[in-house]
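*Asks:* My file is data_11.txt. It has compact mmCIF, C-alpha atoms:
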```txt
# COMPACT_ATOMS: atom_id res chain seq x y z
CA MET A 228 -129.53 -108.36 203.30
CA LYS A 229 -129.63 -110.89 206.13
CA LYS A 230 -132.75 -111.45 208.18
CA LEU A 231 -132.58 -109.69 211.56
CA ILE A 232 -133.02 -111.76 214.72
CA GLU A 233 -135.03 -110.33 217.60
CA THR A 234 -132.99 -109.94 220.84
CA VAL A 235 -129.75 -110.40 218.85
CA ASP A 236 -129.98 -107.64 216.24
CA PHE A 237 -132.87 -105.62 217.68
CA TYR A 238 -135.51 -105.39 220.38
CA TYR A 239 -138.71 -103.43 220.96
CA ASN A 240 -138.59 -100.59 223.48
CA GLU A 241 -141.35 -99.68 225.92
CA LEU A 242 -143.09 -97.61 223.21
CA GLY A 243 -143.00 -100.43 220.67
CA PHE A 244 -140.24 -98.97 218.52
CA ILE A 245 -137.46 -101.17 217.12
CA VAL A 246 -134.06 -100.50 218.72
CA LEU A 247 -130.99 -101.86 216.94
CA THR A 248 -128.39 -103.53 219.17
CA GLU A 249 -124.67 -102.82 219.38
CA LYS A 250 -124.06 -106.17 217.65
CA TYR A 251 -126.18 -105.05 214.68
CA HIS A 252 -124.17 -101.84 214.38
CA LEU A 253 -120.84 -103.65 214.63
CA ASP A 254 -121.97 -106.05 211.89
CA ARG A 255 -123.03 -103.02 209.80
CA GLY A 256 -119.50 -101.66 210.07
CA ASN A 257 -119.99 -97.91 210.47
CA CYS A 258 -122.02 -95.14 212.07
CA CYS A 259 -125.21 -94.35 210.15
CA GLY A 260 -125.47 -90.84 211.65
CA ASN A 261 -128.93 -91.32 213.16
CA GLY A 262 -127.82 -91.13 216.80
CA CYS A 263 -128.74 -94.72 217.61
CA ARG A 264 -128.99 -95.70 221.28
CA HIS A 265 -126.39 -98.48 221.00
CA CYS A 266 -123.95 -96.84 218.55
CA PRO A 267 -120.48 -98.36 219.17
CA TYR A 268 -118.83 -95.75 216.91
CA ASP A 269 -119.04 -92.78 219.30
CA TYR A 270 -121.67 -91.13 217.03
CA LEU A 271 -119.00 -90.51 214.40
CA ASN A 272 -121.38 -89.37 211.61
CA VAL A 273 -123.92 -87.52 213.79
CA GLU A 274 -124.18 -83.72 213.48
CA GLU A 275 -121.79 -82.16 216.02
CA SER A 276 -124.42 -80.28 218.06
CA ARG A 277 -126.54 -83.42 218.47
CA LYS A 278 -123.49 -85.62 219.12
CA GLU A 279 -122.68 -83.83 222.39
CA ILE A 280 -126.28 -84.21 223.62
CA LEU A 281 -126.25 -87.94 222.84
CA LYS A 282 -122.90 -88.45 224.58
CA ASP A 283 -124.14 -86.60 227.68
CA GLN A 284 -127.29 -88.76 227.74
CA ARG A 285 -125.21 -91.91 227.43
CA ILE A 286 -122.99 -90.85 230.35
CA GLN A 287 -126.04 -90.00 232.49
CA ASN A 288 -127.47 -93.45 231.77
CA GLY A 289 -124.18 -95.09 232.77
CA LYS A 290 -123.50 -96.47 229.29
CA VAL A 291 -120.01 -95.26 228.50
CA HIS A 292 -118.15 -97.01 225.68
CA GLN A 293 -114.39 -97.60 225.69
CA THR A 294 -113.79 -94.85 223.11
CA GLU A 295 -115.54 -92.34 225.36
CA THR A 296 -113.61 -93.26 228.51
CA ALA A 297 -110.35 -92.74 226.62
CA ASP A 298 -111.38 -89.11 225.93
CA GLN A 299 -111.96 -88.32 229.61
```
Can I see the file as structure tokens?
*Replies:*
Amino acid sequence: MKKLIETVDFYYNELGFIVLTEKYHLDRGNCCGNGCRHCPYDYLNVEESRKEILKDQRIQNGKVHQTETADQ
């Protein structure tokens, strides 16, 4: 496993938690199903009921990915 680089692969949020970047997820190659903030895979492996909540939150925050705009 490669060593993660702060600001490239992750950053710390205002509460001190580690947040993985979109780049990290793209390098990983698939959705882990945890509902990550920067998931570039449209929450593919997230439970369906939670997936809709996450997508709505992303739209409200103005962070719509290309795959989501194609659905609208």
*Asks:* Taking into account only C-alpha atoms, which residue in the set A:Arg255, A:Gly260, A:Thr248, A:Glu274 is nearest to A:Lys229?
*Replies:*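 Under the stated criterion, the closest residue is A:Arg255.
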*Asks:* Distance atom CA of A:Asn272-atom CA of A:Cys258, one decimal place?
*Replies:*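 We find that atom CA of A:Asn272 and atom CA of A:Cys258 lie 5.8 Å from each other.
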*Asks:* So how far away is atom CA of A:Ser276 from atom CA of A:Ile245, in Å?
*Replies:*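 Here the two named atoms are 24.6 Å from each other.
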*Asks:* Given the point (-129.4, -96.8, 222.8) in the file's coordinates, find the residues that have an atom at most 9 Å from it, counting all atoms listed in the file, and give them as a PyMOL selection string.
*Replies:* chain A and resi 246-249+262-266+285+290
*Asks:* Grab the atom CA of A:Tyr238 to atom CA of A:Glu275 distance for me, in Å with one decimal place.
*Replies:* 27.3 Å
*Asks:* Using all atoms listed in the file, can you tell me which of A:Val273, A:Ile232, A:Ile286, A:Leu281 comes closest to A:Cys259?
*Replies:*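 Once distances to A:Cys259 are computed over all atoms listed in the file, the minimum belongs to A:Val273.
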